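A.B. asks: Structure file structure_28.cif (mmCIF, C-alpha atoms) right here:
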```cif
data_my_file
loop_
_atom_site.label_atom_id
_atom_site.label_comp_id
_atom_site.auth_asym_id
_atom_site.auth_seq_id
_atom_site.Cartn_x
_atom_site.Cartn_y
_atom_site.Cartn_z
CA MET A 1 -39.92 32.42 5.65
CA GLY A 2 -43.26 33.59 7.18
CA LEU A 3 -41.64 36.21 9.46
CA ASP A 4 -42.40 39.91 9.35
CA LEU A 5 -39.16 41.71 10.13
CA ARG A 6 -40.46 45.17 9.44
CA VAL A 7 -39.99 47.59 12.37
CA PRO A 8 -42.25 50.66 12.54
CA VAL A 9 -40.36 53.94 12.26
CA VAL A 10 -41.43 56.45 14.90
CA THR A 11 -40.49 60.03 14.19
CA ASP A 12 -42.18 61.68 17.12
CA CYS A 13 -41.97 59.86 20.42
CA ALA A 14 -44.43 62.21 22.07
CA LYS A 15 -47.15 61.71 19.43
CA ALA A 16 -46.70 57.97 19.36
CA LYS A 17 -46.66 57.91 23.17
CA VAL A 18 -43.63 55.68 23.10
CA PRO A 19 -41.27 56.34 26.01
CA VAL A 20 -37.70 57.08 25.15
CA GLY A 21 -35.62 54.13 26.30
CA PRO A 22 -33.43 51.28 25.12
CA PRO A 23 -33.60 49.98 21.52
CA ILE A 24 -36.45 47.76 20.40
CA PHE A 25 -34.28 44.59 20.31
CA THR A 26 -33.56 44.15 24.00
CA HIS A 27 -33.23 40.33 24.11
CA PRO A 28 -29.58 39.27 24.48
CA ARG A 29 -29.92 36.90 21.49
CA SER A 30 -31.85 39.32 19.28
CA GLY A 31 -28.77 40.45 17.34
CA VAL A 32 -27.58 36.88 16.87
CA GLN A 33 -31.00 35.79 15.63
CA PHE A 34 -31.14 38.66 13.17
CA LYS A 35 -27.77 37.61 11.71
CA GLU A 36 -28.98 34.03 11.43
CA ILE A 37 -32.15 35.14 9.64
CA THR A 38 -30.09 37.26 7.25
CA LYS A 39 -27.75 34.36 6.55
CA ALA A 40 -30.67 32.00 5.91
CA TYR A 41 -32.25 34.54 3.54
CA GLU A 42 -29.01 34.85 1.56
CA ILE A 43 -28.84 31.08 1.12
CA LEU A 44 -32.50 30.65 0.16
CA SER A 45 -32.43 33.53 -2.32
CA ASP A 46 -29.37 32.16 -4.18
CA GLU A 47 -29.98 28.99 -6.20
CA THR A 48 -26.31 27.99 -6.15
CA LYS A 49 -25.98 28.39 -2.38
CA LYS A 50 -29.30 26.66 -1.87
CA LYS A 51 -28.13 23.64 -3.86
CA LEU A 52 -24.85 23.49 -1.93
CA TYR A 53 -26.78 23.74 1.34
CA ASP A 54 -29.08 20.89 0.36
CA GLU A 55 -26.09 18.68 -0.48
CA GLY A 56 -23.65 19.46 2.32
CA GLY A 57 -25.12 21.93 4.76
CA GLU A 58 -23.72 25.20 6.03
CA GLU A 59 -20.11 24.03 5.78
CA ALA A 60 -20.53 23.34 2.06
CA VAL A 61 -21.82 26.91 1.51
CA GLU A 62 -18.89 28.42 3.37
CA ASN A 63 -16.33 26.26 1.54
CA GLY A 64 -17.97 26.65 -1.84
CA GLY A 65 -18.75 22.93 -2.10
CA GLY A 66 -18.27 19.64 -0.29
CA GLY A 67 -18.69 19.85 3.44
CA GLY A 68 -20.23 17.34 5.73
CA GLY A 69 -21.92 19.31 8.50
CA ASP A 70 -25.50 19.19 9.66
CA PRO A 71 -27.63 20.87 6.97
CA HIS A 72 -29.99 22.23 9.62
CA ASP A 73 -27.48 24.09 11.79
CA ILE A 74 -28.80 27.56 10.92
CA PHE A 75 -32.49 26.80 11.27
CA SER A 76 -32.16 24.56 14.32
CA ALA A 77 -30.14 27.29 16.05
CA PHE A 78 -32.80 29.92 15.27
CA PHE A 79 -35.89 27.84 16.05
CA GLY A 80 -34.42 26.32 19.19
CA GLY A 81 -33.18 23.02 17.72
CA GLY A 82 -34.17 19.83 19.42
CA GLY A 83 -35.91 18.40 16.38
CA ARG A 84 -34.41 16.04 13.87
CA GLY A 85 -34.37 17.48 10.37
CA ARG A 86 -35.41 15.37 7.45
CA GLN A 87 -32.64 13.60 5.60
CA ARG A 88 -31.54 15.13 2.34
CA GLY A 89 -30.17 13.14 -0.54
CA PRO A 90 -29.87 9.37 -0.83
CA GLN A 91 -28.88 7.43 2.26
CA LYS A 92 -25.71 5.34 2.21
CA GLY A 93 -25.73 1.68 3.22
CA GLU A 94 -23.51 0.03 5.76
CA ASP A 95 -19.88 -0.80 5.05
CA LEU A 96 -18.65 -4.39 5.00
CA VAL A 97 -15.47 -4.73 7.07
CA HIS A 98 -13.29 -7.83 6.66
CA PRO A 99 -9.97 -8.46 8.47
CA ILE A 100 -7.26 -9.98 6.29
CA GLN A 101 -4.28 -11.86 7.76
CA VAL A 102 -1.00 -10.85 6.08
CA ASP A 103 2.52 -12.21 6.61
CA LEU A 104 5.37 -9.81 7.29
CA GLU A 105 7.04 -11.05 4.10
CA ASN A 106 4.06 -9.86 2.04
CA LEU A 107 4.10 -6.48 3.75
CA TYR A 108 7.80 -6.20 2.91
CA ASN A 109 7.60 -7.37 -0.71
CA GLY A 110 4.00 -6.46 -1.59
CA LYS A 111 1.38 -8.87 -2.92
CA THR A 112 -1.94 -9.04 -4.78
CA VAL A 113 -4.59 -11.22 -3.12
CA LYS A 114 -7.82 -12.32 -4.78
CA LEU A 115 -10.77 -12.58 -2.40
CA SER A 116 -14.27 -13.82 -3.19
CA LEU A 117 -17.11 -11.72 -1.80
CA THR A 118 -20.81 -12.61 -1.59
CA ARG A 119 -23.11 -9.58 -1.59
CA ASP A 120 -26.65 -8.47 -2.46
CA ILE A 121 -27.28 -6.67 -5.75
CA ILE A 122 -30.46 -5.12 -7.14
CA CYS A 123 -32.50 -7.69 -9.05
CA THR A 124 -32.02 -7.37 -12.80
CA GLY A 125 -35.46 -8.80 -13.52
CA CYS A 126 -37.60 -6.29 -11.62
CA LYS A 127 -35.04 -3.45 -11.34
CA GLY A 128 -35.43 -3.44 -7.58
CA SER A 129 -39.22 -3.12 -7.46
CA GLY A 130 -39.85 -6.70 -6.36
CA SER A 131 -42.81 -7.01 -8.73
CA LYS A 132 -42.98 -8.69 -12.12
CA ASN A 133 -45.62 -6.15 -13.14
CA PRO A 134 -44.06 -2.65 -13.39
CA GLY A 135 -47.44 -0.97 -12.88
CA ALA A 136 -48.42 -2.89 -9.76
CA ASN A 137 -49.02 -1.00 -6.53
CA THR A 138 -46.19 -1.84 -4.15
CA THR A 139 -47.15 0.51 -1.32
CA CYS A 140 -47.37 -1.29 2.00
CA GLN A 141 -50.98 -1.27 3.17
CA SER A 142 -50.06 -1.79 6.81
CA CYS A 143 -47.95 1.37 7.24
CA GLU A 144 -49.27 3.24 4.16
CA GLY A 145 -45.77 3.49 2.74
CA ASN A 146 -44.21 5.22 5.75
CA GLY A 147 -42.10 2.25 6.82
CA VAL A 148 -43.02 2.82 10.47
CA LYS A 149 -46.14 2.21 12.53
CA LEU A 150 -47.46 4.11 15.51
CA VAL A 151 -47.85 1.87 18.54
CA VAL A 152 -49.68 2.83 21.73
CA ARG A 153 -49.18 0.78 24.87
CA GLN A 154 -50.20 1.17 28.48
CA ILE A 155 -47.30 1.44 30.91
CA ALA A 156 -49.36 2.11 34.07
CA PRO A 157 -52.98 2.66 35.05
CA GLY A 158 -54.03 5.85 33.34
CA MET A 159 -50.64 6.23 31.56
CA ILE A 160 -49.93 5.30 27.98
CA GLN A 161 -46.83 5.46 25.83
CA GLN A 162 -46.86 6.32 22.15
CA MET A 163 -43.89 5.20 20.07
CA GLN A 164 -42.86 4.38 16.52
CA MET A 165 -41.64 0.98 15.41
CA LYS A 166 -40.46 -0.48 12.12
CA CYS A 167 -43.26 -1.96 10.09
CA PRO A 168 -42.96 -5.77 10.26
CA ASP A 169 -44.83 -6.30 6.98
CA CYS A 170 -42.44 -4.32 4.76
CA ASP A 171 -39.37 -4.40 7.06
CA GLY A 172 -39.33 -0.62 7.15
CA SER A 173 -39.05 -0.13 3.37
CA GLY A 174 -42.57 1.21 2.94
CA SER A 175 -43.36 -1.11 0.05
CA ALA A 176 -44.66 -4.65 -0.10
CA VAL A 177 -45.51 -6.83 -3.09
CA LYS A 178 -48.50 -9.12 -3.18
CA PRO A 179 -47.64 -12.81 -3.62
CA LYS A 180 -49.20 -12.99 -7.08
CA ASP A 181 -47.18 -10.03 -8.33
CA ARG A 182 -43.78 -11.03 -6.93
CA CYS A 183 -40.76 -11.24 -9.23
CA GLU A 184 -39.83 -14.79 -10.15
CA ILE A 185 -36.09 -14.10 -9.83
CA CYS A 186 -35.87 -12.40 -6.44
CA LYS A 187 -39.22 -13.66 -5.07
CA GLY A 188 -40.19 -10.11 -4.14
CA LYS A 189 -37.01 -9.42 -2.12
CA LYS A 190 -35.80 -6.81 -4.67
CA VAL A 191 -32.20 -8.04 -4.35
CA CYS A 192 -30.33 -11.16 -5.42
CA SER A 193 -27.18 -12.79 -4.09
CA ASP A 194 -24.07 -12.27 -6.20
CA LYS A 195 -20.46 -13.41 -5.90
CA LYS A 196 -17.64 -11.11 -6.93
CA VAL A 197 -13.86 -11.52 -6.85
CA LEU A 198 -11.89 -8.51 -5.63
CA GLU A 199 -8.16 -8.06 -6.18
CA VAL A 200 -6.68 -6.63 -3.01
CA GLN A 201 -3.36 -4.91 -3.63
CA ILE A 202 -1.12 -5.05 -0.56
CA ASP A 203 1.48 -2.35 -1.07
CA LYS A 204 5.00 -2.51 0.28
CA GLY A 205 5.33 -1.02 3.73
CA MET A 206 1.66 -1.16 4.71
CA LYS A 207 1.08 -1.33 8.45
CA ASN A 208 -1.05 -3.27 10.87
CA ASN A 209 -4.73 -2.15 10.98
CA GLN A 210 -4.32 -0.15 7.77
CA LYS A 211 -7.46 -0.17 5.62
CA ILE A 212 -7.95 -0.95 1.93
CA THR A 213 -11.29 0.41 0.69
CA PHE A 214 -13.37 -0.58 -2.34
CA ALA A 215 -15.97 2.16 -2.74
CA GLY A 216 -19.54 1.13 -3.50
CA GLU A 217 -18.90 -2.64 -3.49
CA ALA A 218 -21.06 -3.52 -0.47
CA ASP A 219 -24.68 -4.70 -0.46
CA GLN A 220 -27.08 -2.88 -2.77
CA LYS A 221 -30.62 -1.84 -1.87
CA PRO A 222 -33.20 0.16 -3.85
CA GLY A 223 -33.00 3.88 -3.11
CA ILE A 224 -29.83 3.55 -1.02
CA LEU A 225 -26.25 4.15 -2.09
CA PRO A 226 -24.18 0.99 -1.59
CA GLY A 227 -21.62 1.07 1.17
CA ASP A 228 -17.92 0.32 0.89
CA VAL A 229 -16.01 -2.92 1.32
CA VAL A 230 -13.15 -2.33 3.75
CA PHE A 231 -10.30 -4.80 4.28
CA VAL A 232 -8.33 -4.29 7.49
CA ILE A 233 -4.77 -5.62 7.47
CA GLN A 234 -3.87 -7.86 10.41
CA GLN A 235 -0.12 -8.48 10.52
CA LYS A 236 0.96 -11.97 11.53
CA GLU A 237 3.75 -12.53 14.02
CA HIS A 238 7.12 -13.50 12.52
CA LYS A 239 9.41 -16.01 14.22
CA LEU A 240 12.57 -13.97 13.63
CA PHE A 241 11.73 -10.36 12.77
CA LYS A 242 9.86 -7.95 15.00
CA ARG A 243 8.41 -4.77 13.54
CA LYS A 244 8.08 -1.40 15.22
CA ASN A 245 6.63 1.24 12.90
CA ASP A 246 8.92 0.95 9.86
CA ASP A 247 11.94 -0.49 11.69
CA LEU A 248 12.81 -4.17 12.01
CA LEU A 249 14.38 -5.86 15.04
CA ILE A 250 16.24 -9.16 15.27
CA GLN A 251 17.25 -10.82 18.52
CA HIS A 252 20.33 -13.00 17.95
CA LYS A 253 21.85 -14.92 20.84
CA ILE A 254 25.64 -15.25 20.81
CA PRO A 255 27.98 -17.14 23.15
CA LEU A 256 30.41 -15.30 25.35
CA VAL A 257 33.42 -16.24 23.23
CA GLU A 258 31.92 -14.43 20.23
CA ALA A 259 30.97 -11.48 22.41
CA LEU A 260 34.61 -11.13 23.48
CA CYS A 261 36.41 -12.10 20.29
CA GLY A 262 34.05 -11.13 17.48
CA ALA A 263 30.88 -12.62 16.00
CA SER A 264 29.90 -13.69 12.50
CA PHE A 265 26.50 -15.09 11.44
CA HIS A 266 24.00 -15.09 8.59
CA VAL A 267 20.47 -13.67 8.51
CA LYS A 268 17.90 -14.60 5.89
CA HIS A 269 15.96 -11.45 5.07
CA LEU A 270 12.27 -11.16 4.26
CA ASP A 271 12.94 -10.96 0.51
CA GLY A 272 15.11 -14.11 0.47
CA ARG A 273 18.50 -12.40 0.56
CA THR A 274 21.15 -13.61 2.99
CA LEU A 275 22.85 -10.94 5.07
CA VAL A 276 26.33 -11.66 6.46
CA VAL A 277 26.71 -9.91 9.80
CA LYS A 278 30.24 -9.54 11.18
CA THR A 279 31.72 -7.60 14.04
CA ALA A 280 35.24 -6.24 14.02
CA PRO A 281 37.89 -8.64 15.39
CA GLY A 282 38.34 -8.02 19.06
CA GLU A 283 35.24 -5.80 19.28
CA LEU A 284 33.56 -6.30 22.63
CA ILE A 285 29.79 -6.86 22.65
CA ARG A 286 28.15 -6.16 26.01
CA PRO A 287 24.86 -7.75 27.10
CA GLY A 288 21.98 -5.85 25.57
CA ASP A 289 24.05 -4.06 22.91
CA VAL A 290 22.17 -3.03 19.77
CA LYS A 291 23.76 -2.77 16.33
CA THR A 292 22.10 -1.16 13.31
CA ILE A 293 22.13 -1.89 9.60
CA GLU A 294 20.83 1.01 7.55
CA ASP A 295 18.49 0.57 4.57
CA GLU A 296 17.53 -2.98 5.60
CA GLY A 297 14.33 -2.17 7.50
CA MET A 298 10.78 -1.98 6.14
CA PRO A 299 10.18 -0.01 2.95
CA MET A 300 8.25 3.22 3.31
CA HIS A 301 4.62 3.04 2.21
CA LYS A 302 4.04 4.89 -1.06
CA ASN A 303 7.84 5.25 -1.37
CA PRO A 304 9.12 1.64 -1.43
CA PHE A 305 12.62 2.54 -2.64
CA VAL A 306 13.37 4.13 0.73
CA LYS A 307 13.96 1.61 3.53
CA VAL A 308 14.51 2.25 7.20
CA THR A 309 16.76 0.53 9.76
CA LEU A 310 17.35 -3.05 10.84
CA PHE A 311 18.27 -3.34 14.55
CA LEU A 312 20.27 -6.29 15.92
CA PHE A 313 19.87 -7.01 19.62
CA PHE A 314 22.46 -9.32 21.27
CA PRO A 315 21.58 -11.29 24.39
CA ILE A 316 24.72 -13.15 25.53
CA LEU A 317 24.75 -16.81 26.63
CA CYS A 318 27.11 -17.09 29.57
CA GLY A 319 27.53 -20.59 31.03
CA CYS A 320 30.40 -22.00 33.04
CA SER A 321 31.94 -24.02 30.20
CA CYS A 322 31.37 -21.12 27.80
CA LEU A 323 33.18 -18.77 30.17
CA CYS A 324 36.13 -21.18 30.51
CA ARG A 325 36.38 -21.57 26.76
CA ALA A 326 36.33 -17.78 26.26
CA ILE A 327 39.11 -17.27 28.79
CA LEU A 328 41.28 -20.03 27.27
CA HIS A 329 40.67 -18.58 23.79
CA VAL A 330 41.89 -15.18 24.92
CA CYS A 331 44.96 -16.78 26.50
CA GLY A 332 45.69 -18.88 23.40
CA HIS A 333 45.36 -22.21 25.23
CA PRO A 334 44.62 -25.28 23.05
CA LEU A 335 41.74 -26.28 25.34
CA CYS A 336 39.65 -23.68 23.57
CA LEU A 337 39.33 -26.04 20.60
CA TRP A 338 37.04 -28.54 22.34
CA PRO A 339 33.84 -29.23 20.37
CA SER A 340 30.98 -26.87 21.19
CA PHE A 341 28.48 -29.71 21.02
CA MET A 342 30.16 -31.64 23.87
CA PRO A 343 27.94 -31.62 27.02
CA ARG A 344 29.24 -29.66 29.96
CA GLY A 345 31.24 -31.82 32.39
CA HIS A 346 31.81 -34.54 29.78
CA LYS A 347 35.09 -36.45 30.19
CA GLY A 348 36.82 -37.64 27.02
CA ARG A 349 39.97 -37.44 24.91
CA HIS A 350 40.80 -35.09 22.08
CA GLU A 351 42.40 -36.50 18.92
CA LYS A 352 45.26 -33.97 19.02
CA PHE A 353 45.57 -32.70 22.59
CA GLY A 354 44.30 -35.79 24.39
CA TYR A 355 41.86 -34.24 26.88
CA TYR A 356 38.59 -32.30 27.25
CA ILE A 357 37.20 -30.13 29.98
#
```
Mind turning this structure into structure tokens?
C.D. replies:
Amino acid sequence: MGLDLRVPVVTDCAKAKVPVGPPIFTHPRSGVQFKEITKAYEILSDETKKKLYDEGGEEAVENGGGGGGDPHDIFSAFFGGGGRGRQRGPQKGEDLVHPIQVDLENLYNGKTVKLSLTRDIICTGCKGSGSKNPGANTTCQSCEGNGVKLVVRQIAPGMIQQMQMKCPDCDGSGSAVKPKDRCEICKGKKVCSDKKVLEVQIDKGMKNNQKITFAGEADQKPGILPGDVVFVIQQKEHKLFKRKNDDLLIQHKIPLVEALCGASFHVKHLDGRTLVVKTAPGELIRPGDVKTIEDEGMPMHKNPFVKVTLFLFFPILCGCSCLCRAILHVCGHPLCLWPSFMPRGHKGRHEKFGYYI
């Protein structure tokens, strides 16, 4: 590595005129630096570790593969850091993220959706070179193939600023094709537009903001790994059911007479089934009571045969006429049989009893 780590061995301090004192390595970081140098030497001297380090950095060496840390942690720590190490391996392109609106019914039952995607692919005519002549020189003459240009500008009298900017001639790619050599298919752009249909499988029990990823299906560019296409589920609001995690909630309003004497109603579930909900005769339902029905909630993701809980919340309608009817019903009075659709305060005659409230 260009460092001489050899330390002279002194056998006679008097002859060498070296005063007896503390060890040679007196800097507080000297021991740490020596360990870092030793670790770097072990990696560079082993071909397997060196390959793992080039692919995934120090973490990949420690784990025996994989990893995702900075591949310059050791050397930047020893040499003071601050500099940006050169990129190793092919660069990955940007991901394409698309939100997809999904009904609660489809999240309950599952569904396959076909979506058309327009993306860029490498030109099949020039294989991504942009030139119809394979032997043509495609190096950008403006930036000499670096993709960036050095720009100097004056910011004040006697003060200049030096900075790098993306080459406008090659758009930072480092290569440009002369007009006479451009590919007839892609016109020198190296990529062509392509339309592809993706089948998005919406599994049962998937949640809001959950992602469905298609690896390597994003835009293609020469020398760059294509990114991923990511669909983000956006759950639509349902007019009857509310979802909280994997539970479902229904708010069903009942009149006071049913709250006092028992309620019975039907609920159409998300899969088309009709649930008959009944309370025990004489069971009292208080305002804000919550009843549960097990195994009628959302199915668990990746385990759709297991369903959670359906909660029933009962707000109670309590008007004057409704209260009178409930009291008469409890007392067994025939006035409780007046039609529920009759407006409050309406005067009329009943076919059997001859009067209304």
A.B. asks: I'd like to know which of A:Lys178, A:His301, A:Lys244, A:Lys211 is closest to Val230 in chain A, using all atoms listed in the file.
C.D. replies: A:Lys211
A.B. asks: Can you give me, as a PyMOL selection string, the residues this file yields under the PyMOL selection byres ((chain A and resi 232-241) around 6)?
C.D. replies: chain A and resi 99-103+208-211+231+242+249-250
A.B. asks: When the PyMOL selection byres ((chain A and resi 214) around 9) is applied to the file above, which residues end up in the set, as an mmCIF file with C-alpha atoms, in the frame of the given file?
C.D. replies:
```cif
data_model
loop_
_atom_site.group_PDB
_atom_site.id
_atom_site.type_symbol
_atom_site.label_atom_id
_atom_site.label_comp_id
_atom_site.auth_asym_id
_atom_site.auth_seq_id
_atom_site.Cartn_x
_atom_site.Cartn_y
_atom_site.Cartn_z
ATOM 1 C CA LEU A 198 -11.890 -8.510 -5.630
ATOM 2 C CA ILE A 212 -7.950 -0.950 1.930
ATOM 3 C CA THR A 213 -11.290 0.410 0.690
ATOM 4 C CA ALA A 215 -15.970 2.160 -2.740
ATOM 5 C CA GLY A 216 -19.540 1.130 -3.500
ATOM 6 C CA GLU A 217 -18.900 -2.640 -3.490
ATOM 7 C CA ALA A 218 -21.060 -3.520 -0.470
ATOM 8 C CA ASP A 228 -17.920 0.320 0.890
ATOM 9 C CA VAL A 229 -16.010 -2.920 1.320
ATOM 10 C CA VAL A 230 -13.150 -2.330 3.750
ATOM 11 C CA PHE A 231 -10.300 -4.800 4.280
#
```
A.B. asks: What is the CA of Val177 in chain A to CA of Leu117 in chain A distance in Å?
C.D. replies: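 Pair CA of Val177 in chain A / CA of Leu117 in chain A returns 28.8 Å.
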A.B. asks: How far is it from CA of Lys39 in chain A to CA of Tyr53 in chain A, in Å with one decimal?
C.D. replies: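 Calculated distance between CA of Lys39 in chain A and CA of Tyr53 in chain A is 11.9 Å.
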A.B. asks: Given the file shown, determine the residues that the PyMOL selection byres ((chain A and resi 171) around 12) selects; report them as number ranges by chain.
C.D. replies: A: 140, 142-143, 145-149, 165-170, 172-176, 189
A.B. asks: In Å to one decimal, how far is CA of Asp95 in chain A from CA of Gly125 in chain A?
C.D. replies: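 These atoms are spaced 25.5 Å apart.
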A.B. asks: Between A:Lys207, A:Lys49, A:His252, A:His269, which is the closest to Met300 in chain A once you count all atoms listed in the file?
C.D. replies: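 Of all the options, A:Lys207 lies closest to Met300 in chain A.
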A.B. asks: Which one is closest to Lys111 in chain A: A:Lys204, A:Lys180, A:His266, A:Lys127? Count only C-alpha atoms.
C.D. replies: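 So, comparing all the options, the nearest one is A:Lys204.
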A.B. asks: If we count all atoms listed in the file, what is near Cys186 in chain A at a cut-off of 10 Å, once residues fewer than 2 positions away on the same chain are taken out, given as a list in words?
C.D. replies: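 Near neighbours after the sequence-gap exclusion: Ile122, Cys123, Thr124, Gly125, Cys126, Gly128, Ser129, Gly130, Ser131, Lys132, Arg182, Cys183, Glu184, Gly188, Lys189, Lys190, Val191, Cys192 and Ser193 of chain A.
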A.B. asks: Would you pick out the contacts of Lys307 in chain A at 9 Å or less, using only C-alpha atoms, so that residues sharing its chain but fewer than 6 positions from it are not included, and give the list as a ChimeraX atom specification?
C.D. replies: /A:246-247,294-300
A.B. asks: Could you rebuild range 109-122 of chain A with N, CA and C atoms and give it back as a JSON list (two decimals), keeping the file's coordinate frame?
C.D. replies:
```
[["chain", "number", "residue", "atom", "x", "y", "z"],
["A", 109, "ASN", "N", 7.43, -7.23, 0.74],
["A", 109, "ASN", "CA", 7.60, -7.37, -0.71],
["A", 109, "ASN", "C", 6.38, -6.89, -1.51],
["A", 110, "GLY", "N", 5.21, -6.79, -0.87],
["A", 110, "GLY", "CA", 4.00, -6.46, -1.59],
["A", 110, "GLY", "C", 3.39, -7.70, -2.23],
["A", 111, "LYS", "N", 2.05, -7.71, -2.36],
["A", 111, "LYS", "CA", 1.38, -8.87, -2.92],
["A", 111, "LYS", "C", -0.03, -8.50, -3.33],
["A", 112, "THR", "N", -0.55, -9.19, -4.35],
["A", 112, "THR", "CA", -1.94, -9.04, -4.78],
["A", 112, "THR", "C", -2.71, -10.29, -4.39],
["A", 113, "VAL", "N", -3.78, -10.11, -3.62],
["A", 113, "VAL", "CA", -4.59, -11.22, -3.12],
["A", 113, "VAL", "C", -5.97, -11.13, -3.73],
["A", 114, "LYS", "N", -6.48, -12.26, -4.23],
["A", 114, "LYS", "CA", -7.82, -12.32, -4.78],
["A", 114, "LYS", "C", -8.75, -12.91, -3.73],
["A", 115, "LEU", "N", -9.81, -12.16, -3.41],
["A", 115, "LEU", "CA", -10.77, -12.58, -2.40],
["A", 115, "LEU", "C", -12.17, -12.60, -2.99],
["A", 116, "SER", "N", -12.90, -13.67, -2.71],
["A", 116, "SER", "CA", -14.27, -13.82, -3.19],
["A", 116, "SER", "C", -15.24, -13.23, -2.17],
["A", 117, "LEU", "N", -16.17, -12.42, -2.67],
["A", 117, "LEU", "CA", -17.11, -11.72, -1.80],
["A", 117, "LEU", "C", -18.54, -12.02, -2.25],
["A", 118, "THR", "N", -19.39, -12.39, -1.32],
["A", 118, "THR", "CA", -20.81, -12.61, -1.59],
["A", 118, "THR", "C", -21.59, -11.41, -1.08],
["A", 119, "ARG", "N", -22.38, -10.79, -1.93],
["A", 119, "ARG", "CA", -23.11, -9.58, -1.59],
["A", 119, "ARG", "C", -24.48, -9.59, -2.25],
["A", 120, "ASP", "N", -25.33, -8.64, -1.87],
["A", 120, "ASP", "CA", -26.65, -8.47, -2.46],
["A", 120, "ASP", "C", -26.59, -7.38, -3.52],
["A", 121, "ILE", "N", -27.18, -7.66, -4.68],
["A", 121, "ILE", "CA", -27.28, -6.67, -5.75],
["A", 121, "ILE", "C", -28.75, -6.51, -6.13],
["A", 122, "ILE", "N", -29.08, -5.38, -6.72],
["A", 122, "ILE", "CA", -30.46, -5.12, -7.14],
["A", 122, "ILE", "C", -30.85, -6.10, -8.23]]
```
